[in-house]
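J.: To be precise about what I am sending: the file is called my_file_28.pdb and holds PDB, C-alpha atoms.
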```pdb
ATOM      1  CA  MET L 339       0.000   0.000   0.000
ATOM      2  CA  ALA L 340       1.364   3.417  -0.931
ATOM      3  CA  VAL L 341       2.122   5.774   1.937
ATOM      4  CA  VAL L 342       0.252   9.036   1.390
ATOM      5  CA  PHE L 343       1.013  10.716   4.722
ATOM      6  CA  LYS L 344       3.433  10.184   7.554
ATOM      7  CA  LYS L 345       4.892  12.024  10.506
ATOM      8  CA  THR L 346       7.931  14.131   9.773
ATOM      9  CA  SER L 347      11.209  12.567  10.828
ATOM     10  CA  MET L 348      12.113  15.889  12.468
ATOM     11  CA  LEU L 349       9.824  15.023  15.393
ATOM     12  CA  THR L 350      10.578  12.271  17.899
ATOM     13  CA  ASP L 351       8.027   9.724  19.125
ATOM     14  CA  VAL L 352       7.966  11.232  22.619
ATOM     15  CA  PRO L 353       4.360  12.103  23.604
ATOM     16  CA  LEU L 354       3.796  15.853  23.936
ATOM     17  CA  HIS L 355       3.132  17.103  27.470
ATOM     18  CA  TYR L 356       0.975  20.073  26.445
ATOM     19  CA  CYS L 357      -2.558  20.584  27.748
ATOM     20  CA  PRO L 358      -5.471  19.326  25.610
ATOM     21  CA  GLY L 359      -6.266  21.874  22.897
ATOM     22  CA  CYS L 360      -2.945  23.693  23.170
ATOM     23  CA  THR L 361      -1.673  24.617  19.727
ATOM     24  CA  HIS L 362       2.020  24.172  20.535
ATOM     25  CA  GLY L 363       1.778  20.725  18.954
ATOM     26  CA  ILE L 364       0.601  22.179  15.654
ATOM     27  CA  ILE L 365       3.406  24.734  15.666
ATOM     28  CA  HIS L 366       6.006  22.068  16.483
ATOM     29  CA  ARG L 367       4.814  20.120  13.466
ATOM     30  CA  LEU L 368       5.033  23.116  11.138
ATOM     31  CA  VAL L 369       8.567  23.930  12.280
ATOM     32  CA  ALA L 370       9.687  20.319  11.930
ATOM     33  CA  GLU L 371       8.145  19.861   8.483
ATOM     34  CA  SER L 372       9.676  23.106   7.232
ATOM     35  CA  ILE L 373      13.164  22.099   8.324
ATOM     36  CA  GLU L 374      12.833  18.652   6.764
ATOM     37  CA  GLU L 375      11.397  19.940   3.480
ATOM     38  CA  LEU L 376      14.235  22.438   3.149
ATOM     39  CA  GLY L 377      16.771  19.645   3.502
ATOM     40  CA  ALA L 378      18.174  21.070   6.725
ATOM     41  CA  ALA L 379      17.360  18.247   9.143
ATOM     42  CA  ASP L 380      20.970  17.099   9.484
ATOM     43  CA  LYS L 381      22.254  20.591  10.323
ATOM     44  CA  ALA L 382      19.442  22.010  12.467
ATOM     45  CA  ILE L 383      20.089  23.204  16.005
ATOM     46  CA  GLY L 384      17.215  24.422  18.158
ATOM     47  CA  VAL L 385      17.238  26.484  21.339
ATOM     48  CA  ALA L 386      14.504  25.689  23.858
ATOM     49  CA  PRO L 387      13.007  28.368  26.142
ATOM     50  CA  VAL L 388      11.793  28.473  29.702
ATOM     51  CA  GLY L 389       8.018  28.169  29.636
ATOM     52  CA  CYS L 390       5.478  25.693  28.310
ATOM     53  CA  ALA L 391       7.889  24.652  25.540
ATOM     54  CA  VAL L 392      10.772  24.034  27.937
ATOM     55  CA  PHE L 393      10.822  20.353  26.934
ATOM     56  CA  ALA L 394      11.091  21.123  23.210
ATOM     57  CA  TYR L 395      14.447  19.349  23.247
ATOM     58  CA  ASN L 396      12.532  16.087  23.733
ATOM     59  CA  TYR L 397      10.331  16.635  20.689
ATOM     60  CA  PHE L 398      12.525  17.997  17.897
ATOM     61  CA  ASN L 399      14.743  15.339  16.348
ATOM     62  CA  CYS L 400      17.827  17.512  16.087
ATOM     63  CA  ASP L 401      20.507  18.927  18.350
ATOM     64  CA  MET L 402      18.882  21.133  20.988
ATOM     65  CA  GLN L 403      20.243  23.538  23.591
ATOM     66  CA  GLU L 404      18.342  24.712  26.652
ATOM     67  CA  ALA L 405      18.664  28.439  27.385
ATOM     68  CA  ALA L 406      18.147  30.424  30.562
ATOM     69  CA  HIS L 407      14.859  32.309  30.738
ATOM     70  CA  GLY L 408      14.684  34.823  27.877
ATOM     71  CA  ARG L 409      18.232  34.259  26.681
ATOM     72  CA  ALA L 410      17.510  32.001  23.702
ATOM     73  CA  PRO L 411      18.409  34.630  21.053
ATOM     74  CA  ALA L 412      21.770  35.226  22.744
ATOM     75  CA  VAL L 413      22.448  31.487  22.933
ATOM     76  CA  ALA L 414      21.377  31.047  19.306
ATOM     77  CA  THR L 415      23.681  33.892  18.289
ATOM     78  CA  GLY L 416      26.673  32.141  19.828
ATOM     79  CA  ILE L 417      25.768  28.788  18.277
ATOM     80  CA  LYS L 418      25.280  30.283  14.816
ATOM     81  CA  ARG L 419      28.453  32.339  14.861
ATOM     82  CA  VAL L 420      30.611  29.279  15.521
ATOM     83  CA  ASN L 421      28.516  26.934  13.335
ATOM     84  CA  ARG L 422      27.736  29.103  10.336
ATOM     85  CA  ASP L 423      26.620  26.189   8.163
ATOM     86  CA  CYS L 424      24.003  25.091  10.688
ATOM     87  CA  VAL L 425      20.352  26.183  10.687
ATOM     88  CA  VAL L 426      19.739  27.641  14.145
ATOM     89  CA  PHE L 427      16.322  28.467  15.555
ATOM     90  CA  THR L 428      14.753  29.497  18.830
ATOM     91  CA  TYR L 429      11.284  28.464  19.942
ATOM     92  CA  GLN L 430       9.928  30.917  22.531
ATOM     93  CA  GLY L 431       6.712  31.921  24.241
ATOM     94  CA  ASP L 432       5.568  35.442  25.027
ATOM     95  CA  GLY L 433       6.697  35.345  28.660
ATOM     96  CA  ASP L 434      10.159  34.188  27.609
ATOM     97  CA  LEU L 435      10.630  36.457  24.587
ATOM     98  CA  ALA L 436       8.497  39.535  25.274
ATOM     99  CA  SER L 437       9.167  39.899  28.997
ATOM    100  CA  ILE L 438      12.456  38.774  30.508
ATOM    101  CA  GLY L 439      13.969  38.307  27.042
ATOM    102  CA  THR L 440      12.995  41.648  25.487
ATOM    103  CA  ALA L 441      16.552  42.962  25.356
ATOM    104  CA  GLU L 442      17.905  39.767  23.806
ATOM    105  CA  ILE L 443      15.368  39.639  20.986
ATOM    106  CA  VAL L 444      15.635  43.343  20.182
ATOM    107  CA  HIS L 445      19.412  43.317  19.951
ATOM    108  CA  ALA L 446      19.595  40.032  18.020
ATOM    109  CA  ALA L 447      17.180  41.563  15.508
ATOM    110  CA  ALA L 448      19.031  44.876  15.450
ATOM    111  CA  ARG L 449      22.286  43.071  14.654
ATOM    112  CA  GLY L 450      20.586  41.055  11.947
ATOM    113  CA  GLU L 451      21.787  37.771  13.394
ATOM    114  CA  ASN L 452      21.274  34.994  10.854
ATOM    115  CA  ILE L 453      18.889  32.968  13.019
ATOM    116  CA  THR L 454      15.196  32.074  12.867
ATOM    117  CA  VAL L 455      12.876  32.815  15.776
ATOM    118  CA  ILE L 456       9.518  31.110  16.319
ATOM    119  CA  PHE L 457       7.563  33.292  18.737
ATOM    120  CA  VAL L 458       4.408  31.741  20.225
ATOM    121  CA  ASN L 459       1.992  34.369  21.546
ATOM    122  CA  ASN L 460      -0.953  33.141  23.626
ATOM    123  CA  GLY L 461      -1.328  36.336  25.639
ATOM    124  CA  ILE L 462      -0.677  34.758  29.032
ATOM    125  CA  TYR L 463       1.900  32.992  31.191
ATOM    126  CA  GLY L 464       0.932  29.389  30.530
ATOM    127  CA  MET L 465       3.388  27.317  32.565
ATOM    128  CA  THR L 466       3.370  29.223  35.845
ATOM    129  CA  GLY L 467      -0.343  29.624  36.504
ATOM    130  CA  GLY L 468      -1.914  32.020  34.033
ATOM    131  CA  GLN L 469      -0.499  35.366  35.110
ATOM    132  CA  MET L 470      -0.706  38.521  33.003
ATOM    133  CA  ALA L 471       1.954  38.643  30.300
ATOM    134  CA  PRO L 472       3.348  41.550  28.251
ATOM    135  CA  THR L 473       0.998  40.390  25.485
ATOM    136  CA  THR L 474      -2.181  40.091  27.609
ATOM    137  CA  LEU L 475      -4.996  42.061  25.978
ATOM    138  CA  PRO L 476      -6.567  45.142  27.601
ATOM    139  CA  GLY L 477      -9.353  43.951  29.856
ATOM    140  CA  GLN L 478      -8.261  40.312  29.695
ATOM    141  CA  VAL L 479      -8.718  38.417  32.953
ATOM    142  CA  THR L 480      -5.725  36.520  34.322
ATOM    143  CA  THR L 481      -4.710  35.307  37.774
ATOM    144  CA  THR L 482      -2.853  38.573  38.382
ATOM    145  CA  SER L 483      -5.455  40.766  36.664
ATOM    146  CA  PRO L 484      -8.707  39.298  38.044
ATOM    147  CA  TYR L 485     -10.653  42.393  36.993
ATOM    148  CA  GLY L 486      -9.027  42.536  33.571
ATOM    149  CA  ARG L 487      -5.831  44.206  32.421
ATOM    150  CA  ASP L 488      -6.020  47.870  33.379
ATOM    151  CA  THR L 489      -3.935  49.807  30.864
ATOM    152  CA  SER L 490      -3.844  52.883  33.115
ATOM    153  CA  HIS L 491      -1.922  50.802  35.649
ATOM    154  CA  CYS L 492      -0.255  48.019  33.621
ATOM    155  CA  GLY L 493       0.275  49.743  30.295
ATOM    156  CA  TYR L 494      -0.583  48.305  26.894
ATOM    157  CA  PRO L 495       0.430  44.978  25.328
ATOM    158  CA  ILE L 496       3.691  44.863  23.397
ATOM    159  CA  GLY L 497       3.388  44.200  19.675
ATOM    160  CA  ILE L 498       6.633  42.342  19.049
ATOM    161  CA  SER L 499       6.233  42.107  15.270
ATOM    162  CA  GLU L 500       5.435  45.817  15.028
ATOM    163  CA  LEU L 501       8.331  46.706  17.328
ATOM    164  CA  LEU L 502      10.980  44.656  15.542
ATOM    165  CA  SER L 503       9.790  45.725  12.102
ATOM    166  CA  THR L 504      10.978  49.273  12.849
ATOM    167  CA  LEU L 505      14.573  48.005  12.860
ATOM    168  CA  LYS L 506      16.611  48.073   9.661
ATOM    169  CA  ALA L 507      18.390  44.739   9.915
ATOM    170  CA  PRO L 508      15.660  42.044  10.050
ATOM    171  CA  SER L 509      15.035  40.182   6.806
ATOM    172  CA  PHE L 510      11.597  38.724   7.462
ATOM    173  CA  ILE L 511       8.942  39.280  10.156
ATOM    174  CA  GLU L 512       5.413  37.940   9.910
ATOM    175  CA  ARG L 513       2.496  37.307  12.267
ATOM    176  CA  VAL L 514       0.326  34.249  11.650
ATOM    177  CA  SER L 515      -2.207  32.135  13.525
ATOM    178  CA  VAL L 516      -3.114  28.458  13.819
ATOM    179  CA  HIS L 517      -6.789  28.716  14.786
ATOM    180  CA  ASP L 518      -8.134  27.068  11.609
ATOM    181  CA  VAL L 519      -6.926  25.040   8.637
ATOM    182  CA  LYS L 520      -6.490  28.009   6.302
ATOM    183  CA  ASN L 521      -4.307  29.815   8.802
ATOM    184  CA  VAL L 522      -2.311  26.693   9.660
ATOM    185  CA  VAL L 523      -1.404  26.396   5.972
ATOM    186  CA  ASN L 524      -0.419  30.061   5.878
ATOM    187  CA  ALA L 525       1.634  29.683   9.052
ATOM    188  CA  LYS L 526       3.563  26.827   7.441
ATOM    189  CA  ARG L 527       4.354  29.043   4.447
ATOM    190  CA  ALA L 528       5.696  31.830   6.676
ATOM    191  CA  ILE L 529       7.747  29.517   8.883
ATOM    192  CA  LYS L 530       9.295  27.823   5.871
ATOM    193  CA  GLU L 531      10.141  31.211   4.354
ATOM    194  CA  ALA L 532      11.770  32.318   7.601
ATOM    195  CA  PHE L 533      14.043  29.281   7.553
ATOM    196  CA  ARG L 534      14.762  29.806   3.861
ATOM    197  CA  ARG L 535      16.006  33.334   4.594
ATOM    198  CA  GLN L 536      18.503  31.942   7.086
ATOM    199  CA  ILE L 537      19.670  29.232   4.708
ATOM    200  CA  ASP L 538      20.206  31.903   2.056
ATOM    201  CA  GLY L 539      22.235  33.981   4.527
ATOM    202  CA  LYS L 540      19.813  36.906   4.555
ATOM    203  CA  GLY L 541      19.782  37.504   8.288
ATOM    204  CA  PHE L 542      17.282  37.635  11.113
ATOM    205  CA  SER L 543      13.770  36.252  10.666
ATOM    206  CA  LEU L 544      10.880  35.923  13.109
ATOM    207  CA  VAL L 545       7.446  34.383  12.818
ATOM    208  CA  GLU L 546       4.971  35.311  15.539
ATOM    209  CA  VAL L 547       2.276  32.655  15.911
ATOM    210  CA  LEU L 548      -0.961  33.506  17.718
ATOM    211  CA  SER L 549      -1.786  30.501  19.864
ATOM    212  CA  THR L 550      -4.364  29.345  22.403
ATOM    213  CA  CYS L 551      -4.133  28.463  26.090
ATOM    214  CA  PRO L 552      -7.462  26.798  26.895
ATOM    215  CA  THR L 553      -6.419  25.830  30.431
ATOM    216  CA  ASN L 554      -5.465  29.302  31.626
ATOM    217  CA  TRP L 555      -8.091  31.059  29.532
ATOM    218  CA  GLY L 556     -10.658  28.875  31.291
ATOM    219  CA  MET L 557     -12.191  27.608  28.049
ATOM    220  CA  ASN L 558     -12.626  24.390  26.161
ATOM    221  CA  PRO L 559     -10.357  24.004  23.099
ATOM    222  CA  LEU L 560     -13.024  24.940  20.548
ATOM    223  CA  ASP L 561     -14.071  28.084  22.398
ATOM    224  CA  ALA L 562     -10.401  29.041  22.775
ATOM    225  CA  LEU L 563      -9.932  28.931  19.002
ATOM    226  CA  LYS L 564     -12.988  31.134  18.557
ATOM    227  CA  TRP L 565     -11.769  33.540  21.258
ATOM    228  CA  LEU L 566      -8.399  33.887  19.525
ATOM    229  CA  GLU L 567     -10.081  34.768  16.242
ATOM    230  CA  ALA L 568     -12.536  37.205  17.813
ATOM    231  CA  ASN L 569     -10.195  38.934  20.268
ATOM    232  CA  MET L 570      -6.504  38.394  19.555
ATOM    233  CA  ILE L 571      -6.472  38.916  15.793
ATOM    234  CA  PRO L 572      -8.176  42.353  15.930
ATOM    235  CA  TYR L 573      -5.520  43.473  18.416
ATOM    236  CA  TYR L 574      -2.647  41.625  16.770
ATOM    237  CA  PRO L 575      -3.388  41.860  13.014
ATOM    238  CA  LEU L 576      -2.035  39.028  10.914
ATOM    239  CA  GLY L 577       0.287  39.697   8.015
ATOM    240  CA  ASN L 578       3.816  40.481   6.940
ATOM    241  CA  TYR L 579       5.562  43.233   8.871
ATOM    242  CA  LYS L 580       9.017  43.122   7.287
ATOM    243  CA  ASP L 581      10.288  41.660   4.033
ATOM    244  CA  ARG L 582      13.616  43.020   2.876
ATOM    245  CA  ASP L 583      13.459  41.017  -0.343
ATOM    246  CA  LYS L 584      10.276  42.803  -1.385
ATOM    247  CA  GLU L 585      11.664  46.147  -0.209
ATOM    248  CA  ALA L 586      14.755  45.659  -2.394
ATOM    249  CA  ALA L 587      12.677  44.574  -5.380
ATOM    250  CA  SER L 588      10.488  47.669  -5.147
ATOM    251  CA  LYS L 589      13.408  50.078  -5.349
TER
END
```
For the structure just supplied, provide its representation as structure tokens.
T.:
Amino acid sequence: MAVVFKKTSMLTDVPLHYCPGCTHGIIHRLVAESIEELGAADKAIGVAPVGCAVFAYNYFNCDMQEAAHGRAPAVATGIKRVNRDCVVFTYQGDGDLASIGTAEIVHAAARGENITVIFVNNGIYGMTGGQMAPTTLPGQVTTTSPYGRDTSHCGYPIGISELLSTLKAPSFIERVSVHDVKNVVNAKRAIKEAFRRQIDGKGFSLVEVLSTCPTNWGMNPLDALKWLEANMIPYYPLGNYKDRDKEAASK
């Protein structure tokens, strides 16, 4: 019988530990498939974060390095600079990247480091109990904002894609989502393009993926997908925020 579909060899057979309905598993699959399809499986090196994806080194079938909280871009920079032929990526959540790791991601992008960053934004601290994150929406209820995020006291959410797109050096920055099939397909396209930019030596790339956290949002998985579409996407518009190839072609 002909095989028409199989699991990518870039993922191990270790069962994922994520909560039911969490979309980390989908994103893992898209990253793994992209690396394999680009022929980079034998030279990929990933950097795992602190957060829900802390055990990513168990799931990706490539060399992996654990980084201290927020420091994945700095670790990836060091790995890439001494292994220039390798394809180096970080996989980070919003607490890791947009909070304690803000300086690291901004400066890696500003330097145009030739790495690929997968940034998973679910608007909350998932691993540590559902606290308010830098990406929590105005009015969103969390364990540390039980009456909703008050922007007069806590400020406004940080738009990482918008922020980094103001820098000159990044090659590719795009925000996608995985709340339905159409957007999963589009997310795969963006992630694959981000890795392609690194392989072609074009510098820093980041794909921000809007994701769900049914457990800490207090919803079932289906309602979480609907909530993402209705609430997160209006605040965090999907689309390309930086594409130096297109900018060069238009000149």
J.: Skipping near chain neighbours, those fewer than 6 positions away, what residues fall within 10 Å of range 344-348 of chain L using all atoms listed in the file, listed as a VMD selection string?
T.: chain L and resid 366 to 375 378 to 380 382 397 to 400
J.: In Å, with one decimal, what is the gap from CA of Tyr574 in chain L to CA of Asp488 in chain L?
T.: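 A separation of 18.1 Å between them.
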J.: Hey, what comes out of the PyMOL selection byres ((chain L and resi 499) around 7) on this file? Could you write it as a list of chain:residue names?
T.: L:Gly497, L:Ile498, L:Glu500, L:Leu501, L:Leu502, L:Ser503, L:Ile511, L:Glu512, L:Arg513, L:Glu546, L:Tyr579
J.: Just say which residues the PyMOL selection byres ((chain L and resi 514) around 10) picks in this file, as a list in words.
T.: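 When the PyMOL selection byres ((chain L and resi 514) around 10) is applied to the shown file, the picked residues are Val458, Glu512, Arg513, Ser515, Val516, His517, Asn521, Val522, Val523, Asn524, Ala525, Lys526, Arg527, Ala528, Ile529, Val545, Glu546, Val547, Leu548, Ser549, Ile571, Tyr574, Pro575, Leu576, Gly577 and Asn578 of chain L.
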J.: Residues near Ala410 in chain L, anyone? I mean within 12 Å using all atoms listed in the file, not counting same-chain ones fewer than 5 positions away, as a PyMOL selection string.
T.: chain L and resi 383-389+392+402-405+415-418+426-431+434-436+438-443+446+453-457
J.: May I ask for the distance between CA of Thr361 in chain L and CA of Gln469 in chain L, given in Å to one decimal place?
T.: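 These atoms are spaced 18.8 Å apart.
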J.: Excluding Pro572 in chain L and residues on its chain fewer than 6 positions from it, collect all residues at most 12 Å away from it, counting all atoms listed in the file, and give them as number ranges by chain.
T.: L: 475, 548, 565-566
J.: Calculated over all atoms listed in the file, which of the candidates L:Asp401, L:Asp538, L:Asp432, L:Glu531 has the smallest distance to Asn452 in chain L?
T.: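 With all atoms listed in the file as the atom set, the closest residue is L:Asp538.
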J.: Carefully work through the PyMOL selection byres ((chain L and resi 554) around 9) for this structure and note down the residues it includes, as a PyMOL selection string.
T.: chain L and resi 462-464+467-469+480-481+551-553+555-557
J.: CA of Lys381 in chain L and CA of Arg409 in chain L are how many Å apart?
T.: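 CA of Arg409 in chain L lies at a distance of 21.7 Å from CA of Lys381 in chain L.
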J.: Point out the residue among L:Pro353, L:Gly486, L:Gly359, L:Gly377 with the least atom-to-atom distance to Asp561 in chain L, counting all atoms listed in the file.
T.: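 Among the listed residues, the smallest separation from Asp561 in chain L belongs to L:Gly359.
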J.: Which is closest to Asn460 in chain L among L:Ser509, L:Gln478, L:Thr473, L:Thr489, if we use all atoms listed in the file?
T.: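 Among the listed residues, L:Thr473 lies closest to Asn460 in chain L.
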J.: Around range 544-562 of chain L, fit a box with edges along x, y and z, padding it by 6 Å on each side, then list its centre and edge lengths in Å to one decimal as JSON.
T.:
```
{"center_x": -1.6, "center_y": 30.0, "center_z": 22.2, "size_x": 37.0, "size_y": 23.9, "size_z": 30.8}
```
J.: Check the smallest atom-to-atom distance from each of L:Val341, L:Ile496, L:Val479, L:Asn396 to Leu354 in chain L using all atoms listed in the file, then report the winner.
T.: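 Going through L:Val341, L:Ile496, L:Val479, L:Asn396 one by one, the smallest distance to Leu354 in chain L is for L:Asn396.
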